[in-house]
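Read through the structure below, which is laid out as structure tokens, and then see the notes.
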Amino acid sequence: MNDAFRKLPQIHALLESEQASPLVVRYGRGAVAHALRVRLDEIREALRSGCETTPTDFRTNDFFATVEAAITSGRASSLRRVINATGIIIHTNIGRALLAPEALEAIQEAGRSYSNLELDLATGARSSRHVHVEALLRELTGAEAAIVVNNCAAAVLACLTCIGAGQEVVASRGELIEIGGSFRMPDVIAQSGARLREVGATNKTRISDYEAAIGPETAVLLKSHTSNFRIVGFTEKASRRELAALAHSRGVVMVEDLGSGVLVDLSRFGLVDEPVVRDVLQEGVDLVTFSGDKLLGGPQCGVIAGRATLVGKLRSHPIVRAMRIDKLSLAALEATLRLYKAPNNPLERVPVLRALAESLAIVKARAERLALSIASVPGLRVEVVESTAYAGGGALPQQGLQSFAVALKTPSLSAEAMASRARTGDQAILGRIHDDRFCLDVRTVQDSEIPDIARAIQRALAP
Ligand SMILES: *Cc1c(COP(=O)(O)O)cnc(C)c1O
């Protein structure tokens, strides 16, 4: 064994070898040296553990092929494209909202060039990055003022820190939500430096419960959207209007975390529990928070909109500076918000809303095209079936959206095995398993992706 160790070549000798020279030309000396070092370490480890018995021949093309594979696989992006055939339009694990072409162009422009991000071109003086979207947000929501931070979780934390720190936040026991990714309302309140005063019971919180809880220490009355669950049956809750009136009569700020925050009514798509931001503010809520990359259909960010005095206070708070939105997201947000302005129809221009609103006939035609394009895989049974799609992103629908899927079945592979192969292939595809079939719901698929899906399925399911 000692002999085998002694026979391991020096890196510089390998680098000088004939087989290494094309790799050095292609990838650079540093990258090749690094890959050689890693490979030699692996061989050393294998010798030590006794796994490796046949000595490696370092002069073969095989050895250098493994070195080259290591270099190229290290170059492949970790963050890769995934085709979403789950039928879940806003899926946090695969990146939530797809952006409109206008938003993508705005990102390119903001990345390629300098911009007036924080510069007033008229005066040459420094200005605020928030101005680029504030007027649009005011127009679209009716808010007096608005700012944008990194995401909605940050928006909630910023509001509570700025307004509630050292004081009490009153919230219903039925709304102490966990959104996922360790966003739990009681923890967020604790993090803000405010004290949580829970009121009511899980299923019932009356206006009188809030009334009794508000005291001299209370700064905020917090309402939260119970996005991802529903309490049904013997329930009662105070209306938003009642809560706002109570807050104002007692000199307390009413904050509502809307989560998704929609700018147009989506109830006809089954989303009956998603209030329109403008209506929420009109009912008297002082500050609302909502995500940019859920049903709004824009980039990751969190909007805070409402009363000018409160937003002004937030604007100069250090926590807002620490959570500020980056210029690329800001550019994408501005472009997305413009698509909500007449004469644009956001249901046609914003991809998330288009996926929600697309007619069943169009979805079915797409499923049929996809089925045809993968029908040539031998042994694979391909069928267009009815399916149910979902908005996702915590927006719990009364009912799913009618959709169509391409269901795949083969005698040689289970549905789970098909799903796993489709997920781990060169082009990852995410589908759903239903009735022991691997199903590709096409409400979330783009027409341009059909050839890619066909190719990837062909390769993934080849015997
Ligand atoms: C999704 C959600 C959040 C968190 O939003 P992010 O943009 O992911 O930070 C907060 N509150 C509610 C009610 C939500 O649905």
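Convention: chains lettered A, B, ... in structure tokens order; per-chain residue numbering from 1; ligands numbered from 1 as shown.
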Residue neighbourhood Leu271 of chain A, 12 Å, only C-alpha atoms, exclusion window fewer than 2 positions, as a ChimeraX atom specification | /A:227,260-262,264-269,273-276,295,353,356-357,390-401
Quick one: residues within 9 Å of ligand 1, with only C-alpha atoms and all ligand atoms, as a PyMOL selection string? chain A and resi 92+150-156+177-181+183-185+224-228+256-261+289-294+300-303+393-395
Please produce a file of the residues just selected, as a short mmCIF file (atom, residue, chain, number, x, y, z; two decimals), in the first residue's frame, where the atoms kept are N, CA, C and O atoms.
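Heads up, here's the output in part-v6.cif:
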```
data_model
loop_
_atom_site.label_atom_id
_atom_site.label_comp_id
_atom_site.auth_asym_id
_atom_site.auth_seq_id
_atom_site.Cartn_x
_atom_site.Cartn_y
_atom_site.Cartn_z
N THR A 92 -43.08 28.35 -3.89
CA THR A 92 -41.91 29.02 -3.29
C THR A 92 -40.61 28.26 -3.55
O THR A 92 -39.57 28.87 -3.81
N ASN A 150 -37.07 44.30 1.23
CA ASN A 150 -36.60 43.04 0.65
C ASN A 150 -37.66 41.95 0.44
O ASN A 150 -37.64 41.23 -0.54
N ASN A 151 -38.56 41.79 1.37
CA ASN A 151 -39.68 40.85 1.18
C ASN A 151 -40.78 41.17 2.19
O ASN A 151 -40.64 42.12 2.97
N CYS A 152 -41.84 40.39 2.18
CA CYS A 152 -42.98 40.74 3.03
C CYS A 152 -42.67 40.48 4.51
O CYS A 152 -43.12 41.21 5.39
N ALA A 153 -41.87 39.43 4.77
CA ALA A 153 -41.47 39.16 6.16
C ALA A 153 -40.72 40.38 6.71
O ALA A 153 -40.96 40.81 7.86
N ALA A 154 -39.84 40.94 5.91
CA ALA A 154 -39.10 42.13 6.32
C ALA A 154 -40.05 43.31 6.51
O ALA A 154 -39.89 44.11 7.45
N ALA A 155 -41.05 43.41 5.65
CA ALA A 155 -42.01 44.50 5.74
C ALA A 155 -42.76 44.45 7.08
O ALA A 155 -42.94 45.47 7.76
N VAL A 156 -43.17 43.24 7.48
CA VAL A 156 -43.89 43.09 8.75
C VAL A 156 -42.97 43.44 9.91
O VAL A 156 -43.34 44.20 10.81
N ILE A 177 -49.95 33.19 12.85
CA ILE A 177 -49.65 32.28 11.75
C ILE A 177 -48.18 31.88 11.66
O ILE A 177 -47.30 32.61 12.12
N GLU A 178 -47.96 30.73 11.07
CA GLU A 178 -46.63 30.39 10.57
C GLU A 178 -46.75 30.27 9.05
O GLU A 178 -47.60 29.56 8.54
N ILE A 179 -45.88 30.98 8.35
CA ILE A 179 -45.95 30.98 6.89
C ILE A 179 -45.04 29.91 6.30
O ILE A 179 -45.19 29.47 5.19
N GLY A 180 -44.06 29.49 7.06
CA GLY A 180 -43.05 28.58 6.49
C GLY A 180 -41.73 29.32 6.45
O GLY A 180 -41.69 30.55 6.45
N GLY A 181 -40.64 28.55 6.41
CA GLY A 181 -39.32 29.18 6.41
C GLY A 181 -39.13 29.98 7.69
O GLY A 181 -38.59 31.07 7.68
N PHE A 183 -41.07 31.77 9.54
CA PHE A 183 -41.77 33.03 9.75
C PHE A 183 -42.99 32.72 10.61
O PHE A 183 -44.01 32.24 10.11
N ARG A 184 -42.84 32.95 11.92
CA ARG A 184 -43.96 32.74 12.84
C ARG A 184 -44.28 34.06 13.49
O ARG A 184 -43.41 34.71 14.06
N MET A 185 -45.54 34.46 13.39
CA MET A 185 -45.90 35.78 13.85
C MET A 185 -45.47 36.07 15.29
O MET A 185 -44.91 37.14 15.54
N SER A 224 -53.67 39.61 10.54
CA SER A 224 -52.83 38.87 9.60
C SER A 224 -53.69 37.98 8.74
O SER A 224 -54.67 37.40 9.21
N HIS A 225 -53.28 37.87 7.50
CA HIS A 225 -53.98 36.99 6.58
C HIS A 225 -53.62 35.56 6.92
O HIS A 225 -52.45 35.19 6.93
N THR A 226 -54.63 34.75 7.21
CA THR A 226 -54.35 33.34 7.53
C THR A 226 -54.25 32.60 6.21
O THR A 226 -55.11 31.81 5.83
N SER A 227 -53.12 32.88 5.53
CA SER A 227 -52.96 32.46 4.14
C SER A 227 -53.18 30.97 3.91
O SER A 227 -53.97 30.56 3.08
N ASN A 228 -52.44 30.17 4.67
CA ASN A 228 -52.34 28.76 4.27
C ASN A 228 -53.19 27.80 5.09
O ASN A 228 -52.98 26.61 5.06
N GLU A 256 -52.11 45.57 8.82
CA GLU A 256 -52.59 44.27 8.33
C GLU A 256 -51.54 43.66 7.40
O GLU A 256 -51.12 44.27 6.41
N ASP A 257 -51.14 42.44 7.74
CA ASP A 257 -50.23 41.68 6.87
C ASP A 257 -51.09 40.86 5.91
O ASP A 257 -51.75 39.91 6.30
N LEU A 258 -51.07 41.28 4.64
CA LEU A 258 -51.93 40.63 3.64
C LEU A 258 -51.29 39.42 2.98
O LEU A 258 -51.95 38.65 2.32
N GLY A 259 -49.98 39.28 3.12
CA GLY A 259 -49.30 38.16 2.46
C GLY A 259 -49.24 38.39 0.97
O GLY A 259 -48.37 39.08 0.47
N SER A 260 -50.22 37.87 0.25
CA SER A 260 -50.19 37.97 -1.20
C SER A 260 -50.46 39.39 -1.71
O SER A 260 -49.76 39.87 -2.57
N GLY A 261 -51.50 40.00 -1.19
CA GLY A 261 -51.77 41.36 -1.60
C GLY A 261 -52.07 41.51 -3.08
O GLY A 261 -51.17 41.61 -3.90
N THR A 289 -49.02 45.30 4.51
CA THR A 289 -47.78 44.73 3.98
C THR A 289 -48.17 43.60 3.02
O THR A 289 -49.14 42.88 3.26
N PHE A 290 -47.44 43.49 1.91
CA PHE A 290 -47.67 42.37 1.00
C PHE A 290 -46.44 42.07 0.16
O PHE A 290 -45.55 42.89 0.00
N SER A 291 -46.42 40.84 -0.36
CA SER A 291 -45.27 40.33 -1.12
C SER A 291 -45.29 40.83 -2.56
O SER A 291 -46.35 41.02 -3.14
N GLY A 292 -44.10 40.96 -3.13
CA GLY A 292 -44.01 41.31 -4.54
C GLY A 292 -44.10 40.11 -5.46
O GLY A 292 -44.53 40.20 -6.61
N ASP A 293 -43.70 38.92 -4.96
CA ASP A 293 -43.57 37.77 -5.87
C ASP A 293 -44.63 36.70 -5.65
O ASP A 293 -44.44 35.56 -6.06
N LYS A 294 -45.73 37.07 -5.02
CA LYS A 294 -46.85 36.13 -4.97
C LYS A 294 -47.85 36.56 -6.05
O LYS A 294 -47.48 36.64 -7.21
N GLN A 300 -39.15 39.35 -5.98
CA GLN A 300 -39.18 39.26 -4.52
C GLN A 300 -39.04 40.65 -3.93
O GLN A 300 -38.09 41.38 -4.22
N CYS A 301 -39.99 41.04 -3.11
CA CYS A 301 -39.91 42.29 -2.35
C CYS A 301 -41.12 42.35 -1.44
O CYS A 301 -42.00 41.49 -1.52
N GLY A 302 -41.13 43.31 -0.55
CA GLY A 302 -42.26 43.47 0.35
C GLY A 302 -42.69 44.93 0.33
O GLY A 302 -41.88 45.82 0.51
N VAL A 303 -43.98 45.15 0.07
CA VAL A 303 -44.50 46.51 -0.02
C VAL A 303 -45.14 46.88 1.32
O VAL A 303 -45.83 46.07 1.94
N GLY A 393 -48.59 29.89 -3.20
CA GLY A 393 -48.09 31.09 -2.53
C GLY A 393 -48.88 31.45 -1.29
O GLY A 393 -48.95 32.61 -0.90
N GLY A 394 -49.50 30.45 -0.68
CA GLY A 394 -50.24 30.71 0.55
C GLY A 394 -51.66 31.20 0.30
O GLY A 394 -52.42 31.37 1.24
N ALA A 395 -52.03 31.43 -0.98
CA ALA A 395 -53.40 31.86 -1.25
C ALA A 395 -54.26 30.60 -1.35
O ALA A 395 -54.19 29.87 -2.32
#
```
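The shell of residues at most 9 Å from Leu140 of chain A, with only C-alpha atoms counted and near chain neighbours (fewer than 6 positions) removed, consists of Leu263, Val277, Arg278, Leu337, Tyr340 and Lys341 of chain A.
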Excluding Leu339 of chain A and residues on its chain fewer than 4 positions from it, collect all residues at most 7 Å away from it, counting only C-alpha atoms, and give them as a CSV table (one decimal) with all heavy atoms, in the first residue's frame.
```csv
chain,number,residue,atom,x,y,z
A,335,ALA,N,-41.6,47.9,-13.5
A,335,ALA,CA,-42.1,47.5,-14.8
A,335,ALA,C,-43.4,46.6,-14.6
A,335,ALA,O,-44.3,46.7,-15.4
A,335,ALA,CB,-41.0,46.7,-15.5
A,344,ASN,N,-53.3,48.7,-20.3
A,344,ASN,CA,-52.9,47.3,-20.1
A,344,ASN,C,-53.9,46.5,-19.4
A,344,ASN,O,-54.5,47.0,-18.4
A,344,ASN,CB,-51.5,47.2,-19.3
A,344,ASN,CG,-50.4,47.8,-20.1
A,344,ASN,OD1,-50.3,47.7,-21.3
A,344,ASN,ND2,-49.5,48.4,-19.4
A,346,PRO,N,-53.8,43.6,-16.8
A,346,PRO,CA,-52.8,42.8,-16.1
A,346,PRO,C,-53.1,41.3,-16.2
A,346,PRO,O,-52.2,40.5,-16.2
A,346,PRO,CB,-53.0,43.2,-14.7
A,346,PRO,CG,-54.2,44.0,-14.6
A,346,PRO,CD,-54.5,44.5,-16.0
A,349,ARG,N,-51.1,40.5,-19.2
A,349,ARG,CA,-49.7,40.9,-19.3
A,349,ARG,C,-48.8,40.4,-18.1
A,349,ARG,O,-47.6,40.3,-18.3
A,349,ARG,CB,-49.6,42.5,-19.3
A,349,ARG,CG,-50.4,43.1,-20.4
A,349,ARG,CD,-49.8,42.8,-21.7
A,349,ARG,NE,-48.5,43.4,-21.9
A,349,ARG,CZ,-48.3,44.7,-22.3
A,349,ARG,NH1,-49.3,45.5,-22.6
A,349,ARG,NH2,-47.1,45.1,-22.4
A,350,VAL,N,-49.4,40.1,-17.0
A,350,VAL,CA,-48.6,39.6,-15.8
A,350,VAL,C,-48.7,38.1,-15.8
A,350,VAL,O,-49.8,37.5,-15.7
A,350,VAL,CB,-49.2,40.2,-14.5
A,350,VAL,CG1,-48.4,39.6,-13.3
A,350,VAL,CG2,-49.1,41.7,-14.5
```
So which residues of segment 215-449 of chain A fall under strand (DSSP E) by DSSP, listed as a ChimeraX atom specification?
-> /A:218-224,236-237,253-259,287-291,302-306,381-392,401-409,428-430,432-434,437-441
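In terms of minimum interatomic distance to Lys409 of chain A, A:Asp435 ranks closest within A:Asp452, A:Glu283, A:Asp435, A:Asp426, counting only C-alpha atoms.
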* Might you pull out every residue within 9 Å of segment 37-53 of chain A, with only C-alpha atoms counted and same-chain residues fewer than 3 positions away left off, and present them as JSON, numbers by chain? => {"A": [1, 4, 5, 8, 9, 11, 32, 33, 34, 56, 66, 67, 70]}
Just N, CA and C atoms for this one: save the residues we selected as a tab-separated table (two decimals), in the first residue's frame.
```
chain	number	residue	atom	x	y	z
A	1	MET	N	0.83	-1.20	0.00
A	1	MET	CA	0.00	0.00	0.00
A	1	MET	C	0.87	1.26	0.00
A	4	ALA	N	1.90	2.03	-3.33
A	4	ALA	CA	0.88	2.72	-4.14
A	4	ALA	C	0.87	4.21	-3.83
A	5	PHE	N	1.01	4.53	-2.56
A	5	PHE	CA	1.06	5.95	-2.18
A	5	PHE	C	2.25	6.64	-2.84
A	8	LEU	N	1.98	7.71	-6.46
A	8	LEU	CA	1.09	8.80	-6.89
A	8	LEU	C	1.95	9.92	-7.46
A	9	PRO	N	1.55	10.41	-8.65
A	9	PRO	CA	2.40	11.42	-9.28
A	9	PRO	C	2.27	12.79	-8.62
A	11	ILE	N	1.52	16.79	-8.80
A	11	ILE	CA	0.58	17.57	-9.61
A	11	ILE	C	1.29	18.24	-10.78
A	32	VAL	N	-7.31	23.30	-13.82
A	32	VAL	CA	-6.86	21.92	-14.03
A	32	VAL	C	-6.08	21.45	-12.79
A	33	ALA	N	-5.21	22.31	-12.26
A	33	ALA	CA	-4.43	21.94	-11.08
A	33	ALA	C	-5.37	21.62	-9.91
A	34	HIS	N	-6.41	22.44	-9.76
A	34	HIS	CA	-7.36	22.22	-8.67
A	34	HIS	C	-8.07	20.87	-8.83
A	56	THR	N	-4.26	3.31	-10.23
A	56	THR	CA	-4.72	4.18	-11.31
A	56	THR	C	-3.58	4.39	-12.31
A	66	THR	N	-12.00	11.93	-16.48
A	66	THR	CA	-12.67	12.18	-15.19
A	66	THR	C	-12.28	13.55	-14.64
A	67	VAL	N	-11.03	13.95	-14.91
A	67	VAL	CA	-10.60	15.28	-14.46
A	67	VAL	C	-11.40	16.35	-15.20
A	70	ALA	N	-14.89	16.62	-13.92
A	70	ALA	CA	-14.96	17.33	-12.64
A	70	ALA	C	-14.92	18.84	-12.87
```
- Task: Per DSSP on the backbone, filter segment 71-295 of chain A down to the residues in alpha helix (DSSP H) and report them as a ChimeraX atom specification.
- Result: /A:71-75,101-112,131-141,152-164,185-192,207-213,240-249,277-282
* Residues near Gln458 of chain A, cut-off 9 Å, only C-alpha atoms, skip fewer than 3 positions along chain, as a ChimeraX atom specification -> /A:374,376-377,453-455,461-462
### 9 Å contact set for Ala247 of chain A, only C-alpha atoms, chain neighbours under 3 positions out, as JSON, numbers by chain
{"A": [211, 214, 220, 221, 242, 243, 244, 250, 251, 252, 253, 254]}
Please produce an output containing N, CA and C atoms for each residue in the selection, written as a CSV table (one decimal), in the first residue's frame.
```csv
chain,number,residue,atom,x,y,z
A,211,GLU,N,-61.1,45.1,22.3
A,211,GLU,CA,-61.4,46.3,23.1
A,211,GLU,C,-60.9,46.2,24.5
A,214,ILE,N,-56.8,46.4,24.6
A,214,ILE,CA,-56.1,47.7,24.3
A,214,ILE,C,-55.9,48.5,25.6
A,220,VAL,N,-50.0,48.8,18.5
A,220,VAL,CA,-50.4,48.3,17.2
A,220,VAL,C,-51.6,47.3,17.4
A,221,LEU,N,-52.6,47.4,16.5
A,221,LEU,CA,-53.6,46.3,16.4
A,221,LEU,C,-53.2,45.6,15.1
A,242,GLU,N,-64.6,47.2,11.7
A,242,GLU,CA,-64.7,47.4,13.1
A,242,GLU,C,-63.4,47.6,13.8
A,243,LEU,N,-62.4,46.7,13.4
A,243,LEU,CA,-61.1,46.8,14.0
A,243,LEU,C,-60.4,48.1,13.8
A,244,ALA,N,-60.5,48.6,12.5
A,244,ALA,CA,-59.9,49.9,12.2
A,244,ALA,C,-60.5,51.0,13.0
A,250,ARG,N,-58.9,54.5,19.8
A,250,ARG,CA,-58.0,54.4,21.0
A,250,ARG,C,-56.6,54.8,20.7
A,251,GLY,N,-56.4,55.5,19.6
A,251,GLY,CA,-55.1,56.0,19.2
A,251,GLY,C,-54.1,55.0,18.9
A,252,VAL,N,-54.5,53.9,18.3
A,252,VAL,CA,-53.6,52.8,18.0
A,252,VAL,C,-53.5,52.6,16.5
A,253,VAL,N,-52.4,52.1,16.0
A,253,VAL,CA,-52.2,52.0,14.6
A,253,VAL,C,-52.6,50.6,14.2
A,254,MET,N,-53.5,50.5,13.1
A,254,MET,CA,-53.9,49.2,12.7
A,254,MET,C,-53.0,48.8,11.5
```
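What separates atom CA of Glu144 of chain A from atom CA of Cys162 of chain A is a distance of 18.1 Å.
Using only C-alpha atoms for every distance, the candidate list A:Arg443, A:Arg197, A:Arg459, A:Arg240 yields A:Arg197 as the residue closest to Leu176 of chain A.
Checking A:Ser21, A:Thr336, A:Thr388, A:Thr410 one by one against Ala85 of chain A, counting only C-alpha atoms, you find the shortest gap at A:Thr388.
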